[in-house]
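Below is work.csv, holding CSV, C-alpha atoms.
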chain,number,residue,atom,x,y,z
A,191,MET,CA,-15.4,183.8,-147.1
A,192,TYR,CA,-14.8,185.8,-150.3
A,193,GLN,CA,-17.2,188.8,-149.8
A,194,ARG,CA,-14.6,191.3,-148.7
A,195,GLN,CA,-12.3,190.7,-151.6
A,196,PHE,CA,-15.1,191.5,-154.1
A,197,GLY,CA,-16.7,194.3,-152.1
A,198,LEU,CA,-19.9,192.2,-151.3
A,199,ASP,CA,-22.1,192.4,-148.3
A,200,GLN,CA,-23.3,188.8,-148.6
A,201,ASN,CA,-23.1,185.7,-150.7
A,202,PRO,CA,-24.7,186.7,-154.0
A,203,PHE,CA,-25.5,183.2,-155.3
A,204,THR,CA,-27.3,181.5,-152.5
A,205,SER,CA,-30.0,179.1,-153.7
A,206,ALA,CA,-32.7,180.8,-151.6
A,207,ALA,CA,-33.4,184.1,-153.5
A,208,VAL,CA,-36.3,186.0,-152.0
A,209,GLY,CA,-37.9,189.4,-152.5
A,210,ASP,CA,-35.7,191.8,-154.3
A,211,GLN,CA,-33.0,189.2,-154.7
A,212,VAL,CA,-35.2,187.4,-157.3
A,213,TYR,CA,-34.2,188.3,-160.9
A,214,THR,CA,-37.0,189.0,-163.3
A,215,GLY,CA,-36.1,189.7,-166.8
A,216,ILE,CA,-38.8,190.5,-169.4
A,217,ARG,CA,-40.0,187.0,-169.7
A,218,GLN,CA,-39.8,186.2,-166.0
A,219,GLY,CA,-41.6,189.4,-165.1
A,220,LYS,CA,-44.5,188.6,-167.5
A,221,ALA,CA,-44.9,185.2,-165.9
A,222,VAL,CA,-44.9,186.6,-162.4
A,223,ALA,CA,-47.5,189.3,-163.4
A,224,LYS,CA,-49.9,186.7,-164.9
A,225,LEU,CA,-49.5,184.4,-161.9
A,226,LYS,CA,-50.3,187.3,-159.5
A,227,ILE,CA,-53.5,188.0,-161.4
A,228,ALA,CA,-54.5,184.4,-161.5
A,229,LEU,CA,-53.9,184.0,-157.7
A,230,SER,CA,-56.3,186.9,-156.9
A,231,LYS,CA,-59.1,184.3,-156.6
A,232,PRO,CA,-58.8,182.6,-153.1
A,233,ASP,CA,-59.1,179.0,-154.5
A,234,ALA,CA,-57.4,179.4,-157.9
A,235,VAL,CA,-55.1,176.7,-159.2
A,236,VAL,CA,-52.0,177.7,-161.2
A,237,ALA,CA,-49.3,175.7,-162.9
A,238,VAL,CA,-45.7,176.6,-163.5
A,239,VAL,CA,-44.0,174.3,-166.1
A,240,GLY,CA,-40.3,174.1,-167.1
A,241,PRO,CA,-37.1,172.1,-166.8
A,242,ILE,CA,-35.5,171.3,-163.5
A,243,GLY,CA,-33.5,174.1,-161.9
A,244,VAL,CA,-34.8,177.1,-163.9
A,245,GLY,CA,-36.4,178.8,-160.9
A,246,LYS,CA,-40.0,177.7,-161.0
A,247,SER,CA,-40.4,177.7,-157.2
A,248,THR,CA,-38.6,181.1,-156.9
A,249,LEU,CA,-40.9,182.8,-159.4
A,250,ALA,CA,-44.0,181.2,-157.9
A,251,LEU,CA,-43.1,182.4,-154.4
A,252,LYS,CA,-42.5,185.9,-155.8
A,253,ALA,CA,-46.0,185.8,-157.3
A,254,VAL,CA,-47.4,184.7,-154.0
A,255,ASP,CA,-45.7,187.7,-152.3
A,256,ALA,CA,-47.2,190.0,-154.9
A,257,ALA,CA,-50.7,188.5,-154.7
A,258,ALA,CA,-51.1,188.6,-150.9
A,259,GLU,CA,-49.8,191.0,-148.3
A,260,GLN,CA,-50.3,188.3,-145.7
A,261,GLY,CA,-49.7,184.8,-147.1
A,262,LEU,CA,-49.1,181.5,-145.5
A,263,THR,CA,-47.4,179.0,-147.7
A,264,ALA,CA,-46.9,175.3,-147.2
A,265,ILE,CA,-44.4,173.5,-149.6
A,266,VAL,CA,-44.9,169.9,-150.5
A,267,ALA,CA,-41.5,168.5,-151.3
A,268,PRO,CA,-40.9,166.2,-154.3
A,269,LEU,CA,-41.1,163.0,-152.3
A,270,ASN,CA,-42.9,159.7,-152.8
A,271,LEU,CA,-45.8,160.4,-150.4
A,272,SER,CA,-48.9,158.6,-149.4
A,273,GLN,CA,-52.2,160.5,-148.7
A,274,ASP,CA,-51.4,160.1,-145.0
A,275,ASP,CA,-48.0,161.7,-145.5
A,276,VAL,CA,-49.4,164.6,-147.5
A,277,LEU,CA,-51.9,165.6,-144.8
A,278,GLU,CA,-49.4,165.2,-142.0
A,279,LEU,CA,-46.9,167.3,-144.0
A,280,LEU,CA,-49.3,170.1,-144.5
A,281,ILE,CA,-50.3,170.1,-140.8
A,282,ALA,CA,-46.6,170.4,-139.9
A,283,GLU,CA,-45.9,173.1,-142.6
A,284,PHE,CA,-48.7,175.3,-141.4
A,285,GLY,CA,-47.8,174.7,-137.8
A,286,ILE,CA,-51.2,173.4,-136.8
A,287,ASN,CA,-51.6,171.9,-133.4
A,288,SER,CA,-53.5,168.8,-134.3
A,289,GLU,CA,-54.0,165.5,-132.4
A,290,ALA,CA,-56.0,163.9,-135.3
A,291,SER,CA,-55.4,160.2,-135.7
A,292,SER,CA,-57.2,159.6,-139.0
A,293,ASN,CA,-57.0,161.1,-142.4
A,294,MET,CA,-60.6,162.4,-142.2
A,295,ALA,CA,-59.8,164.2,-139.0
A,296,ARG,CA,-56.6,165.7,-140.4
A,297,PHE,CA,-58.5,166.8,-143.5
A,298,GLN,CA,-61.1,168.6,-141.4
A,299,ASP,CA,-58.4,170.2,-139.2
A,300,LEU,CA,-56.8,171.7,-142.3
A,301,ARG,CA,-60.1,173.0,-143.7
A,302,CYS,CA,-60.9,174.6,-140.3
A,303,PHE,CA,-57.4,176.2,-140.3
A,304,PHE,CA,-57.9,177.6,-143.8
A,305,THR,CA,-61.2,179.1,-142.8
A,306,GLU,CA,-59.9,180.7,-139.7
A,307,GLN,CA,-56.9,182.2,-141.4
A,308,THR,CA,-59.0,183.6,-144.2
A,309,GLN,CA,-61.3,185.3,-141.7
A,310,GLU,CA,-58.3,186.9,-140.1
A,311,GLY,CA,-57.1,188.3,-143.4
A,312,TYR,CA,-54.5,185.7,-144.3
A,313,ARG,CA,-54.2,183.8,-147.5
A,314,PRO,CA,-53.2,180.1,-147.4
A,315,PHE,CA,-51.2,178.7,-150.3
A,316,VAL,CA,-50.2,175.1,-151.0
A,317,LEU,CA,-47.2,174.8,-153.4
A,318,VAL,CA,-46.3,171.4,-154.8
A,319,GLU,CA,-42.8,171.3,-156.1
A,320,ASP,CA,-43.2,168.2,-158.3
A,321,ALA,CA,-46.9,167.6,-159.0
A,322,THR,CA,-46.2,164.8,-161.5
A,323,ALA,CA,-44.2,162.8,-158.9
A,324,LEU,CA,-47.0,163.3,-156.3
A,325,GLY,CA,-49.4,161.3,-158.4
A,326,ILE,CA,-53.0,161.5,-159.4
A,327,GLU,CA,-54.6,160.3,-156.1
A,328,ASN,CA,-52.7,162.9,-154.1
A,329,LEU,CA,-53.6,165.6,-156.5
A,330,LYS,CA,-57.2,164.7,-156.2
A,331,LEU,CA,-56.8,164.9,-152.4
A,332,LEU,CA,-55.3,168.4,-152.7
A,333,ASP,CA,-58.1,169.4,-155.1
A,334,ALA,CA,-60.8,168.4,-152.5
A,335,LEU,CA,-58.9,170.1,-149.7
A,336,THR,CA,-58.3,173.5,-151.4
A,337,ALA,CA,-61.5,173.9,-153.4
A,338,ALA,CA,-64.2,176.4,-152.1
A,339,ASP,CA,-67.7,175.1,-151.5
A,340,PRO,CA,-71.2,176.7,-151.5
A,341,ARG,CA,-71.4,176.6,-147.6
A,342,GLY,CA,-68.9,179.4,-147.3
A,343,TYR,CA,-65.6,177.5,-147.2
A,344,SER,CA,-63.2,179.8,-149.2
A,345,GLY,CA,-60.5,177.1,-149.8
A,346,ALA,CA,-56.9,177.8,-150.6
A,347,ASN,CA,-54.7,178.5,-153.6
A,348,LEU,CA,-52.9,175.5,-155.1
A,349,ILE,CA,-49.7,176.0,-157.1
A,350,LEU,CA,-48.5,173.1,-159.1
A,351,LEU,CA,-44.9,172.9,-160.4
A,352,GLY,CA,-43.4,170.4,-162.8
A,353,GLY,CA,-41.8,169.5,-166.1
A,354,PRO,CA,-43.5,169.6,-169.5
A,355,GLU,CA,-45.2,166.3,-168.6
A,356,LEU,CA,-47.3,168.1,-166.0
A,357,SER,CA,-49.5,169.6,-168.8
A,358,ASP,CA,-50.3,166.1,-170.1
A,359,LEU,CA,-51.1,164.9,-166.5
A,360,LEU,CA,-53.6,167.8,-166.0
A,361,ASP,CA,-55.4,166.8,-169.2
A,362,SER,CA,-56.1,163.3,-167.9
A,363,ALA,CA,-59.7,162.4,-167.1
A,364,PRO,CA,-59.2,161.7,-163.4
A,365,LEU,CA,-58.1,165.3,-162.9
A,366,ALA,CA,-60.8,167.0,-165.0
A,367,ARG,CA,-62.2,168.8,-161.9
A,368,LEU,CA,-58.8,170.1,-160.9
A,369,LYS,CA,-58.2,171.3,-164.5
A,370,GLN,CA,-61.4,173.3,-164.4
A,371,ARG,CA,-59.9,175.3,-161.5
A,372,LEU,CA,-56.7,176.1,-163.4
A,373,ARG,CA,-56.5,179.8,-164.0
A,374,THR,CA,-53.1,179.9,-165.8
A,375,GLU,CA,-50.2,177.8,-166.9
A,376,GLN,CA,-46.9,179.6,-167.2
A,377,VAL,CA,-43.9,178.2,-168.9
A,378,VAL,CA,-40.4,179.1,-167.5
A,379,GLU,CA,-37.6,178.7,-169.9
A,380,ARG,CA,-33.8,178.6,-169.4
A,381,PHE,CA,-32.0,181.9,-169.4
A,382,SER,CA,-30.7,183.3,-172.7
A,383,VAL,CA,-27.2,184.8,-172.9
A,384,GLU,CA,-28.6,188.2,-172.3
A,385,GLU,CA,-30.8,187.0,-169.3
A,386,THR,CA,-27.7,185.2,-167.9
A,387,ALA,CA,-25.8,188.5,-168.0
A,388,GLY,CA,-28.8,190.3,-166.3
A,389,TYR,CA,-29.0,187.5,-163.7
A,390,LEU,CA,-25.4,187.8,-162.8
A,391,ASN,CA,-25.4,191.5,-162.5
A,392,HIS,CA,-28.6,191.6,-160.5
A,393,ARG,CA,-27.5,189.0,-158.0
A,394,LEU,CA,-24.1,190.8,-157.5
A,395,ALA,CA,-25.9,194.2,-157.1
A,396,GLN,CA,-28.3,192.8,-154.5
A,397,ALA,CA,-25.2,191.6,-152.6
A,398,GLY,CA,-23.7,195.1,-152.7
A,399,GLY,CA,-21.3,194.5,-155.6
A,400,ASN,CA,-20.8,195.8,-159.1
A,401,GLY,CA,-20.8,193.3,-161.9
A,402,GLU,CA,-18.7,195.5,-164.2
A,403,ASP,CA,-15.9,195.5,-161.6
A,404,ILE,CA,-16.1,191.8,-160.8
A,405,LEU,CA,-16.9,190.2,-164.2
A,406,ASP,CA,-15.2,190.4,-167.5
A,407,GLY,CA,-17.6,191.4,-170.2
A,408,ASN,CA,-17.7,187.9,-171.8
A,409,VAL,CA,-18.2,186.0,-168.6
A,410,ALA,CA,-21.9,185.7,-169.2
A,411,GLN,CA,-21.3,183.9,-172.4
A,412,ALA,CA,-18.9,181.4,-170.7
A,413,VAL,CA,-21.4,180.8,-168.0
A,414,HIS,CA,-24.3,180.3,-170.4
A,415,GLN,CA,-22.3,177.9,-172.5
A,416,SER,CA,-21.4,175.9,-169.4
A,417,THR,CA,-24.8,175.8,-167.7
A,418,GLN,CA,-27.2,176.1,-170.7
A,419,GLY,CA,-28.9,178.9,-168.8
A,420,VAL,CA,-30.2,176.8,-165.8
A,421,ALA,CA,-30.3,179.1,-162.8
A,422,ARG,CA,-29.5,176.5,-160.2
A,423,LEU,CA,-26.3,175.5,-162.1
A,424,ILE,CA,-25.4,179.1,-162.6
A,425,ASP,CA,-25.5,179.6,-158.8
A,426,ASN,CA,-23.3,176.6,-158.1
A,427,LEU,CA,-20.8,177.5,-160.8
A,428,MET,CA,-20.5,181.2,-159.8
A,429,ASP,CA,-20.2,180.4,-156.1
A,430,THR,CA,-17.3,178.0,-156.8
A,431,ALA,CA,-15.7,180.4,-159.3
A,432,LEU,CA,-15.7,183.2,-156.8
A,433,SER,CA,-14.1,180.9,-154.2
A,434,PHE,CA,-11.5,179.9,-156.7
A,435,ALA,CA,-10.6,183.5,-157.5
A,436,PHE,CA,-10.5,184.3,-153.8
A,437,SER,CA,-7.9,181.5,-153.2
A,438,ARG,CA,-5.7,183.2,-155.9
A,439,LYS,CA,-6.4,186.7,-154.7
A,440,GLN,CA,-8.0,187.8,-158.0
A,441,ALA,CA,-10.6,190.5,-157.9
A,442,ARG,CA,-12.0,189.9,-161.4
A,443,LEU,CA,-13.4,186.8,-163.1
A,444,LEU,CA,-12.4,185.9,-166.7
A,445,PRO,CA,-14.1,183.5,-169.1
A,446,ALA,CA,-11.2,181.1,-169.1
A,447,MET,CA,-11.5,180.6,-165.3
A,448,ILE,CA,-15.3,180.1,-165.5
A,449,GLN,CA,-14.8,177.4,-168.2
A,450,LYS,CA,-12.0,175.8,-166.3
A,451,VAL,CA,-14.1,175.5,-163.1
A,452,ALA,CA,-17.1,174.2,-165.1
A,453,ARG,CA,-15.0,171.4,-166.7
A,454,SER,CA,-12.8,170.4,-163.8
A,455,VAL,CA,-15.3,170.7,-160.9
A,456,TYR,CA,-18.7,170.0,-162.5
A,457,GLY,CA,-17.8,168.1,-165.7
A,458,PHE,CA,-19.8,170.5,-167.8
A,459,ASP,CA,-19.5,170.7,-171.6
A,460,THR,CA,-18.2,174.2,-171.8
A,461,GLY,CA,-18.3,174.5,-175.6
A,462,LYS,CA,-15.8,176.5,-177.5
A,463,PRO,CA,-13.3,178.7,-175.6
A,464,VAL,CA,-14.5,182.2,-174.8
A,465,ASP,CA,-12.0,185.0,-175.0
A,466,ALA,CA,-11.8,187.9,-172.5
A,467,ALA,CA,-13.6,191.1,-173.7
A,468,ALA,CA,-11.5,193.6,-175.5
A,469,THR,CA,-10.7,196.8,-173.5
A,470,ASP,CA,-11.4,200.3,-174.7
A,471,ALA,CA,-8.2,201.8,-173.0
A,472,PRO,CA,-6.3,204.3,-175.2
A,473,ALA,CA,-2.9,203.3,-176.6
A,474,ASP,CA,-1.1,205.7,-174.3
A,475,ASP,CA,-2.4,203.7,-171.3
A,476,ALA,CA,-1.2,200.4,-172.6
A,477,ALA,CA,0.9,198.3,-170.2
A,478,PRO,CA,4.6,198.1,-170.9
A,479,ALA,CA,5.7,195.3,-173.3
A,480,ASP,CA,7.2,193.2,-170.5
A,481,THR,CA,4.1,193.4,-168.3
A,482,PRO,CA,2.0,190.2,-168.3
A,483,ALA,CA,-1.4,190.5,-170.0
A,484,ALA,CA,-4.5,190.4,-167.9
A,485,GLU,CA,-5.3,186.9,-169.1
A,486,ASP,CA,-1.8,185.7,-167.9
A,487,ILE,CA,-2.1,187.5,-164.6
A,488,ASN,CA,-5.4,185.9,-163.9
A,489,SER,CA,-4.4,182.5,-165.2
A,490,ILE,CA,-5.8,179.6,-163.2
A,491,ASP,CA,-3.0,177.3,-164.3
A,492,GLU,CA,-0.4,176.9,-161.6
A,493,PRO,CA,3.2,175.7,-162.1
A,494,ALA,CA,3.8,172.1,-161.2
A,495,GLU,CA,6.3,173.0,-158.5
A,496,LEU,CA,4.1,175.5,-156.8
A,497,PRO,CA,3.5,174.5,-153.1
A,498,ALA,CA,0.0,173.4,-152.3
A,499,ASP,CA,-0.5,176.1,-149.7
A,500,ALA,CA,0.8,179.0,-151.9
A,501,MET,CA,-2.7,179.9,-153.2
A,502,ASP,CA,-4.0,180.4,-149.6
A,503,SER,CA,-1.2,182.5,-148.3
A,504,GLU,CA,-2.2,186.0,-147.2
A,505,ALA,CA,1.4,187.4,-147.5
A,506,SER,CA,2.9,188.8,-150.7
A,507,PRO,CA,5.4,186.6,-152.5
A,508,GLY,CA,9.0,187.2,-151.4
A,509,SER,CA,11.9,188.5,-153.5
A,510,GLU,CA,13.6,186.0,-155.6
A,511,ALA,CA,17.4,185.9,-155.9
A,512,MET,CA,18.9,186.7,-159.3
A,513,PRO,CA,22.4,185.9,-160.7
A,514,ASP,CA,25.3,188.3,-160.2
A,515,GLY,CA,24.0,190.0,-157.1
A,516,MET,CA,20.8,191.3,-158.9
A,517,VAL,CA,17.5,191.2,-157.0
A,518,ALA,CA,14.0,190.9,-158.6
A,519,GLU,CA,11.2,192.9,-157.1
A,520,PRO,CA,8.2,191.0,-155.7
A,521,ALA,CA,5.7,189.6,-158.3
A,522,THR,CA,2.9,191.8,-159.3
A,523,THR,CA,-0.7,191.4,-158.6
A,524,ALA,CA,-3.8,191.9,-160.9
A,525,ASP,CA,-4.7,194.9,-158.8
A,526,ALA,CA,-1.4,196.8,-159.4
A,527,VAL,CA,0.5,195.7,-162.4
A,528,GLN,CA,4.1,197.1,-162.4
A,529,PRO,CA,7.0,195.8,-164.5
A,530,ALA,CA,9.6,193.8,-162.6
A,531,ILE,CA,12.8,196.0,-162.2
A,532,ALA,CA,16.2,194.4,-161.7
A,533,THR,CA,18.4,196.5,-159.4
A,534,PRO,CA,22.0,196.5,-160.5
A,535,ALA,CA,24.9,195.8,-158.1
A,536,PRO,CA,27.0,199.0,-157.5
A,537,THR,CA,29.9,198.1,-159.8
A,538,VAL,CA,28.1,196.3,-162.6
A,539,PHE,CA,27.2,198.0,-165.8
A,540,ASP,CA,24.6,196.1,-167.6
A,541,ALA,CA,25.4,197.4,-171.1
A,542,PRO,CA,23.7,196.1,-174.2
A,543,ALA,CA,25.4,193.3,-176.0
A,544,ALA,CA,26.2,195.5,-179.0
A,545,GLU,CA,28.3,197.8,-176.8
A,546,LEU,CA,30.4,195.0,-175.2
A,547,ARG,CA,31.9,193.7,-178.5
A,548,GLU,CA,35.5,194.3,-179.4
A,549,PRO,CA,35.8,197.5,-181.4
A,550,THR,CA,36.7,197.2,-185.0
A,551,ALA,CA,38.9,199.4,-187.0
A,552,ASP,CA,36.0,201.2,-188.5
A,553,SER,CA,34.2,201.7,-185.2
A,554,ALA,CA,37.2,202.4,-182.8
A,555,MET,CA,36.6,205.2,-180.4
A,556,ALA,CA,38.8,208.2,-180.1
A,557,PRO,CA,41.4,208.1,-177.4
A,558,PRO,CA,40.1,209.5,-174.1
A,559,ALA,CA,41.4,212.7,-172.7
A,560,ASP,CA,43.9,212.5,-169.9
A,561,GLY,CA,42.3,211.6,-166.6
A,562,GLN,CA,39.0,210.6,-168.2
A,563,PRO,CA,37.6,207.0,-168.2
A,564,ALA,CA,37.6,205.1,-171.5
A,565,ASN,CA,33.8,205.1,-171.5
A,566,PRO,CA,32.1,208.2,-169.9
A,567,LEU,CA,29.1,206.1,-169.0
A,568,LEU,CA,31.1,203.9,-166.7
A,569,ALA,CA,32.1,206.9,-164.5
A,570,THR,CA,28.6,206.8,-163.0
A,571,PHE,CA,29.0,203.3,-161.7
A,572,GLU,CA,32.7,203.3,-160.5
A,573,THR,CA,33.3,203.2,-156.8
A,574,PRO,CA,35.8,205.6,-155.2

Represent the supplied structure as structure tokens.
Amino acid sequence: MYQRQFGLDQNPFTSAAVGDQVYTGIRQGKAVAKLKIALSKPDAVVAVVGPIGVGKSTLALKAVDAAAEQGLTAIVAPLNLSQDDVLELLIAEFGINSEASSNMARFQDLRCFFTEQTQEGYRPFVLVEDATALGIENLKLLDALTAADPRGYSGANLILLGGPELSDLLDSAPLARLKQRLRTEQVVERFSVEETAGYLNHRLAQAGGNGEDILDGNVAQAVHQSTQGVARLIDNLMDTALSFAFSRKQARLLPAMIQKVARSVYGFDTGKPVDAAATDAPADDAAPADTPAAEDINSIDEPAELPADAMDSEASPGSEAMPDGMVAEPATTADAVQPAIATPAPTVFDAPAAELREPTADSAMAPPADGQPANPLLATFETP
């Protein structure tokens, strides 16, 4: 919808970032590197802990791509599942053609599949999106399914995601065997302000855009205050803000717009107002005094009488009639700011008020020469 206006090849803030689209700052890059090393063992268990929406699944899948050239990954969704459900879900995720009618038969079908894929050079991974919600019994089932054994079964990698409570769950006695297989536990934090700025610029660049052209320098601060650095919330807010700017034909986002969308659409606590970044333009390049400032041009507050469909119109606003036969030029846009110029009617001289007062004795003008107008300036505007 808005890609062309911002010079983008695709939607930059889709929720499914993969490959190079995944942002890895310093902290995220270290977590991915450690997960990659831990996953080098075919039946290793790793845990990724952090708040909801910070990108645990995204980073874990990036680590899988780095650890295995040919990986097969099944994702166990955060649902209330029985052991029957877990096995059936894995069979469906891996695309196994199974007619097993019992849990034991399904269990064996999965183990045979893992063995066959390993022999063909593929690495099977099971990623559990909310290990805490899955429960102890299901985790014990996955432990038994993915652990290697002395008879040559190589097992599969198990990736457990969850909140801070996952660490406590793995320390419980029933999961002692699973905990012994744990190679690393990586904590994923919310983005800092600097990481938020890096994330925005990275995602825009991956979509073919330029963050410096699209975002005001203080937008990252406004986004961080509104979302607390949660990646999923950032994606939602930025996608909506770009759509909002598109409807108003604005090619640049300002902090005020971000905070307005965050409050009115999502109900976020946006914190204190964030001003637009100061520009470094020299004084000679400053806009004329009667030109609206960038903040005003990009204002998201519409007049009460503005028609509802005005924001979606593709045509430029029409000229607006002025008193005494004067016509105002069309309104300016953020892309080409020009002062509005009033065109005078042929016989009207718009003189300053000071020149239209009755002359006093001290300021009376000398009598004009014969055949000359009383005021030489009026000669320009007189009609034949």

message = Need the shell around Ala397 (chain A): protein/DNA/RNA residues with any atom at most 10 Å away, counting only C-alpha atoms. Skip same-chain ones fewer than 5 positions apart. Format as a list in words?
response =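 Surrounding residues, per the criterion: Gln193, Gly197, Leu198, Asp199, Gln200, Asn201, Pro202, Phe203, Gln211, Asn391 and His392 of chain A.
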
inquiry  = Can you tell me which residues surround Leu427 (chain A) at a distance of at most 8 Å, considering only C-alpha atoms, apart from same-chain residues fewer than 5 positions away, and format the answer as a PyMOL selection string?
reply    = chain A and resi 413+448+451-452+456

Write a file of the just-selected residues containing C-alpha atoms, as a PDB file, in the coordinates of the input.
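result.pdb, written as the output of this step:
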ATOM      1  CA  VAL A 413     -21.400 180.800-168.000  1.00  0.00           C
ATOM      2  CA  ILE A 448     -15.300 180.100-165.500  1.00  0.00           C
ATOM      3  CA  VAL A 451     -14.100 175.500-163.100  1.00  0.00           C
ATOM      4  CA  ALA A 452     -17.100 174.200-165.100  1.00  0.00           C
ATOM      5  CA  TYR A 456     -18.700 170.000-162.500  1.00  0.00           C
TER       6      TYR A 456
END

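Here CA of Thr248 (chain A) is placed at a distance of 12.9 Å from CA of Thr263 (chain A).
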
inquiry  = Restricting the calculation to all atoms listed in the file: of A:Thr386, A:Thr374, A:Thr336, A:Gln396, which residue gets closest to Asp425 (chain A)?
reply    = A:Thr386

Just give me the residues with any atom within 6 Å of (-55.2, 175.5, -146.5), file coordinates, counting all atoms listed in the file, written as a CSV table (one decimal) with C-alpha atoms, keeping the file's coordinate frame.
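What landed in out_24.csv:
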chain,number,residue,atom,x,y,z
A,300,LEU,CA,-56.8,171.7,-142.3
A,304,PHE,CA,-57.9,177.6,-143.8
A,314,PRO,CA,-53.2,180.1,-147.4
A,346,ALA,CA,-56.9,177.8,-150.6

ask   = What does the distance between CA of Asn347 (chain A) and CA of Val420 (chain A) come to in Å, to one decimal place?
value = 27.4 Å

ask   = At most 7 Å from (-57.8, 164.4, -161.0), file frame, all atoms listed in the file: which residues, as an MDAnalysis selection string?
value = chainID A and resid 326 329:330 363:368

message = Between CA of Glu375 (chain A) and CA of Leu225 (chain A), what is the distance in Å, rounded to a tenth?
response = 8.3 Å

inquiry  = Give me, as a list in words, all polymer residues having an atom no more than 12 Å from Arg296 (chain A), counting all atoms listed in the file and skipping those fewer than 5 positions away in the same chain.
reply    = Gln273, Asp274, Asp275, Val276, Leu277, Glu278, Leu279, Leu280, Ile281, Ala282, Ile286, Asn287, Ser288, Glu289, Ala290, Ser291, Arg301, Cys302, Phe303 and Leu335 of chain A

Can you list, as a PDB file with C-alpha atoms, in the coordinates of the input, every protein, DNA or RNA residue that comes within 8 Å of Thr305 (chain A) when you count only C-alpha atoms, leaving out same-chain residues fewer than 3 positions away?
ATOM      1  CA  ARG A 301     -60.100 173.000-143.700  1.00  0.00           C
ATOM      2  CA  CYS A 302     -60.900 174.600-140.300  1.00  0.00           C
ATOM      3  CA  THR A 308     -59.000 183.600-144.200  1.00  0.00           C
ATOM      4  CA  GLN A 309     -61.300 185.300-141.700  1.00  0.00           C
ATOM      5  CA  TYR A 343     -65.600 177.500-147.200  1.00  0.00           C
ATOM      6  CA  SER A 344     -63.200 179.800-149.200  1.00  0.00           C
ATOM      7  CA  GLY A 345     -60.500 177.100-149.800  1.00  0.00           C
TER       8      GLY A 345
END

Would you give me, as CSV, each residue of region 285-356 of chain A having an atom within 12 Å of an atom of region 265-270 of chain A, along with its shortest atom pair and that distance in Å to one decimal, using only C-alpha atoms and sorting by chain and residue number?
residue,atom,partner,partner_atom,distance
A:Pro314,CA,A:Ile265,CA,11.2
A:Phe315,CA,A:Ile265,CA,8.6
A:Val316,CA,A:Ile265,CA,6.2
A:Leu317,CA,A:Ile265,CA,4.9
A:Val318,CA,A:Val266,CA,4.8
A:Glu319,CA,A:Ala267,CA,5.7
A:Asp320,CA,A:Pro268,CA,5.0
A:Ala321,CA,A:Pro268,CA,7.7
A:Thr322,CA,A:Pro268,CA,9.0
A:Ala323,CA,A:Pro268,CA,6.6
A:Leu324,CA,A:Asn270,CA,6.5
A:Gly325,CA,A:Asn270,CA,8.7
A:Asn328,CA,A:Asn270,CA,10.4
A:Leu329,CA,A:Val266,CA,11.4
A:Leu332,CA,A:Val266,CA,10.7
A:Leu348,CA,A:Ile265,CA,10.3
A:Ile349,CA,A:Ile265,CA,9.5
A:Leu350,CA,A:Val266,CA,9.9
A:Leu351,CA,A:Pro268,CA,9.9
A:Gly352,CA,A:Pro268,CA,9.8

request  = Considering all atoms listed in the file, state which residue in the set A:Gly243, A:Pro445, A:Gly261, A:Gly311 is at the smallest distance from Asn426 (chain A).
outcome  =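 That would be A:Gly243, the residue with the smallest distance to Asn426 (chain A).
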
Do a neighbour search on Leu229 (chain A) at 9 Å with all atoms listed in the file, toss out local chain neighbours closer than 6 positions, and write the hits as a compact mmCIF listing (two decimals) with C-alpha atoms, in the frame of the given file.
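Final output, saved to selection.txt:
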# COMPACT_ATOMS: atom_id res chain seq x y z
CA VAL A 235 -55.10 176.70 -159.20
CA VAL A 236 -52.00 177.70 -161.20
CA ALA A 253 -46.00 185.80 -157.30
CA VAL A 254 -47.40 184.70 -154.00
CA ALA A 257 -50.70 188.50 -154.70
CA ALA A 258 -51.10 188.60 -150.90
CA ASN A 347 -54.70 178.50 -153.60
CA LEU A 348 -52.90 175.50 -155.10
CA ARG A 373 -56.50 179.80 -164.00

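The smallest atom-to-atom distance between Phe436 (chain A) and any of A:Ala264, A:Ala228, A:Ile404, A:Ala467, using all atoms listed in the file, is found for A:Ile404.
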
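For the set A:Thr430, A:Asp255, A:Arg393, A:Ala441, the residue with the smallest atom-to-atom gap to Gly209 (chain A) is A:Asp255, counting all atoms listed in the file.
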
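Each of A:Ala295, A:Leu423, A:Asp210, A:Arg341 was compared to Gly457 (chain A) using all atoms listed in the file, and A:Leu423 turns out to be the nearest.
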